[in-house]
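Everything below concerns the one structure shown next.
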Amino acid sequence: MRGRCTVAELPESRHAAKVLATIFDIQRFSLHDGPGIRTTLFFKGCTLACIWCQNPESLAFRPELTYYAERCIGTGACVEVCPQGAISTVRAARVDWALCTNCGLCADVCDSEALRLTGRTWDVDTLLVECLRDAAFYRSSGGGVTLSGGEAVMQHRFLAAFLPHLKAVGVHVLLQTAGEYPWHALALLQPWLDHVYYDLKCGLSQTHLALTGRDGQRILDNLGRLVASGTPLTVRMPVVPGHNTAPEEIAAIAEHLHKCGLTDIVLLRYNALWEAKLPRLAHPPAAQELAHDAALFSAVGEAFARHGIRARAAEEEHDNDKGGR
Ligand code: SF4
Ligand code: SF4
């Protein structure tokens with residue numbers, strides 16, 4: 001990093017202040033989302049619906065109410081303010097999700113944060129201030145800001161206004177993406193990206209369609225374009241036992257990598273912690289009841305090696321080891 005690090009010294013940001021992003025989490029001091037100490041921004045909304053998604057609360061683009069029953073202290077303040085009559089006095093079944101409109105009024109009066117609106121809008125200036133709070137740590141550790149989600153690229157108009165200001169003060173920017181969007185969205189952001197973590201989910205299109213809701217062809221097309229553009233990137237794959245680990249899946253991914261002139265892949269261990277989030281959600285996806293399988297994980301790496309692709313585990317470096325977003 002170099003240069004100044006305060007928004008007051010970035011006058012152009014005023015012009016972009018009306019462009020808004022929806023972000024559902026900001027993790028400061030992250031050590032697993034790229035090099036050094038980082039601030040990771042989790043943008044809300046995704047174009048895929050992976051059945052193992054680590055952040056199921058990220059899938060919808062709009063802010064959504066979530067309910068943490070274990071935090072409820074039973075004041076009943078929420079019952080009074082709900083205009084839909086969607087909240088009951090029964091703690092274990094507090095919200096009638098069919099009636100809830102995600103207005104957030106109940107979350108505003110919930111002091112214990114049992115009711116929360118997941119997803120908050122940010123303007124360019126406010127998010128810059130938030131990110132630059134840790135500029136000294138980025139500088140001393142070789143860190144920066146990571147764009148994650150959900151699918152951050154779907155908020156490309158905001159990012160096209162936001163990223164130039166981060167880069168103006170020398171902040172390293174890393175994008176984590178799944179690649180399912182029109183190419184022009186990523187092309188717009190390329191000038192400000194220092195590195196891209198590009199996640200491939202499955203090798204075969206029918207598997208991709210069944211597990212993510214899309215056949216994956218556009219993801220492969222965009223990967224080819226990204227490689228051709230020269231943007232530094234790391235291809236990653238979550239190893240989801242029994243879903244994307246068959247020999248023909250590995251062979252297909254290896255073939256795609258070779259077509260792009262790539263010879264490396266980072267493997268992400270499966271992590272089942274996301275299932276703890278399901279009771280909090282209005283529309284929870286199905287639990288998968290899978291677990292990381294060390295032997296299978298090694299076998300996937302060996303299978304890639306037989307196809308001429310060097311595979312390494314995420315925890316061997318600074319890549320996210322949470323099993324895919
Ligand atoms: S795992 Fe990533 S790409 Fe898949 S649905 Fe979740 S956020 Fe989207
Ligand atoms: S977010 Fe839903 S439950 Fe809460 S006040 Fe609004 S409608 Fe009622």
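Each chain in the structure tokens gets a letter, A, B and so on, in the order shown; residues start at 1 in every chain, and ligands are counted from 1 in the order they appear.
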Exercise for the section: For ligand 2, list the contacting residues at 12 Å or closer, counting only C-alpha atoms and all ligand atoms, as a PyMOL selection string. Expected result: chain A and resi 63-67+76-89+93-110+114-118+281-282
Exercise for the section: For ligand 1, collect every residue having any atom at a distance of at most 7 Å from a ligand atom (counting only C-alpha atoms and all ligand atoms); output as a list in words. Expected result: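 The neighbouring residues of ligand 1 are, in order, Cys46, Thr47, Leu48, Ala49, Cys50, Trp52, Cys53, Gln54, Asn55, Pro56, Ser58, Leu59, Gly149, Gly150, Glu151, Ala178, Thr212, Gly324 and Arg325 of chain A.
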Handout entry: A:Leu128, A:Val173, A:Ile23, A:Ala251 ranked by distance to A:Ala161, top pick (using only C-alpha atoms)
Key = A:Leu128
Practice task
Mind checking which residues fall within 8 Å of A:Phe61, counting only C-alpha atoms, ignoring those fewer than 5 positions away in the same chain, and posting them as an MDAnalysis selection string?
Solution key: chainID A and resid 22 44:46
Exercise for the section: Quick one: everything within 9 Å of stretch 288-293 of chain A, counting only C-alpha atoms, minus sequence neighbours fewer than 5 positions away in the same chain. Send it as a count of residues only. Expected result: 12
Practice task
Could you tell me which of A:Ser112, A:Ser140, A:Ser148, A:Gln217 comes closest to A:Asp25 if we count only C-alpha atoms?
Solution key: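 Counting only C-alpha atoms, the residue closest to A:Asp25 is A:Ser148.
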Problem - Closest of A:Lys201, A:Arg225, A:Lys277, A:Arg214 to A:Lys259 - atom-to-atom distances counting only C-alpha atoms - result: A:Arg225
Practice task
Check the DSSP output for the backbone and give back, as a PyMOL selection string, the residues of stretch 14-246 of chain A in helix (DSSP H, G or I).
Solution key: chain A and resi 14-16+56-58+69-71+77-81+91-93+105-109+124-132+135-141+152-168+183-192+205-212+217-229
Exercise for the section: Find the residues around A:Gly144 up to 8 Å (only C-alpha atoms counted), leave out those fewer than 2 positions away in its own chain, and share them as a PyMOL selection string. Expected result: chain A and resi 35-39+135+138-139+142+146+171-174
Put those residues in a file: C-alpha atoms, as a tab-separated table (two decimals), in the first residue's frame.
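Everything below was put into selection.tsv:
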```tsv
chain	number	residue	atom	x	y	z
A	35	PRO	CA	-2.69	-12.62	1.56
A	36	GLY	CA	-2.11	-10.69	4.77
A	37	ILE	CA	-4.70	-9.13	7.03
A	38	ARG	CA	-7.84	-8.34	5.08
A	39	THR	CA	-11.31	-6.89	5.30
A	135	ALA	CA	-5.33	0.47	6.21
A	138	TYR	CA	-3.09	-3.96	5.23
A	139	ARG	CA	0.13	-2.03	4.78
A	142	GLY	CA	0.59	-7.17	2.68
A	146	THR	CA	-11.50	-9.11	-0.46
A	171	VAL	CA	-5.22	-1.10	-1.31
A	172	HIS	CA	-4.77	-4.64	-2.68
A	173	VAL	CA	-8.12	-5.92	-4.05
A	174	LEU	CA	-8.95	-9.61	-4.38
```
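Going from atom CA of A:His307 to atom CA of A:Leu186 covers 29.3 Å.
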Neighbour list for stretch 312-316 of chain A as a short mmCIF file (atom, residue, chain, number, x, y, z; two decimals) with N, CA, C and O atoms, in the first residue's frame, cut-off 7 Å, only C-alpha atoms, skip fewer than 5 positions in-chain:
```
data_model
loop_
_atom_site.label_atom_id
_atom_site.label_comp_id
_atom_site.auth_asym_id
_atom_site.auth_seq_id
_atom_site.Cartn_x
_atom_site.Cartn_y
_atom_site.Cartn_z
N ILE A 265 -4.71 -26.13 -9.48
CA ILE A 265 -6.01 -25.90 -8.85
C ILE A 265 -5.84 -25.99 -7.34
O ILE A 265 -4.99 -26.76 -6.84
N VAL A 266 -6.59 -25.19 -6.62
CA VAL A 266 -6.61 -25.24 -5.15
C VAL A 266 -7.89 -25.93 -4.71
O VAL A 266 -8.98 -25.58 -5.17
N LEU A 267 -7.75 -26.93 -3.84
CA LEU A 267 -8.91 -27.68 -3.36
C LEU A 267 -9.35 -27.17 -2.00
O LEU A 267 -8.52 -26.94 -1.11
N LEU A 268 -10.66 -26.98 -1.85
CA LEU A 268 -11.24 -26.48 -0.60
C LEU A 268 -11.92 -27.61 0.13
O LEU A 268 -12.74 -28.34 -0.44
N ASP A 321 -10.27 -21.57 3.49
CA ASP A 321 -10.39 -23.01 3.69
C ASP A 321 -11.77 -23.38 4.21
O ASP A 321 -11.94 -24.37 4.89
#
```
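Among the candidate residues A:Ala294, A:Leu273, A:Ala286, A:Thr263, the one lying nearest to A:Ile309 is A:Thr263, with distances computed using only C-alpha atoms.
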Exercise for the section: Work out how far atom CA of A:Ala210 is from atom CA of A:His184, in Å to one decimal. Expected result: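 Atom CA of A:Ala210 lies 26.2 Å from atom CA of A:His184.
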Handout entry: For atom CA of A:Arg310 and atom CA of A:Thr231, the interatomic separation in Å (one decimal)
Key =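 Computing the Euclidean distance for atom CA of A:Arg310 and atom CA of A:Thr231 yields 20.0 Å.
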Exercise for the section: Report the residues of stretch 12-104 of chain A whose backbone DSSP state falls under strand (DSSP E), written as a list in words. Expected result: Leu20, Ala21, Thr22, Ile23, Phe24, Asp25, Ile26, Gln27, Arg28, Phe29, Ser30, Arg38, Thr39, Thr40, Leu41, Phe42, Phe43, Glu64, Leu65, Thr66 and Tyr67 of chain A
Problem - Nearest to A:Phe24 by atom-to-atom distance, counting only C-alpha atoms, from A:Arg91, A:Glu113, A:Gly119, A:Met154 - result: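 Among A:Arg91, A:Glu113, A:Gly119, A:Met154, it is A:Gly119 that comes nearest to A:Phe24.
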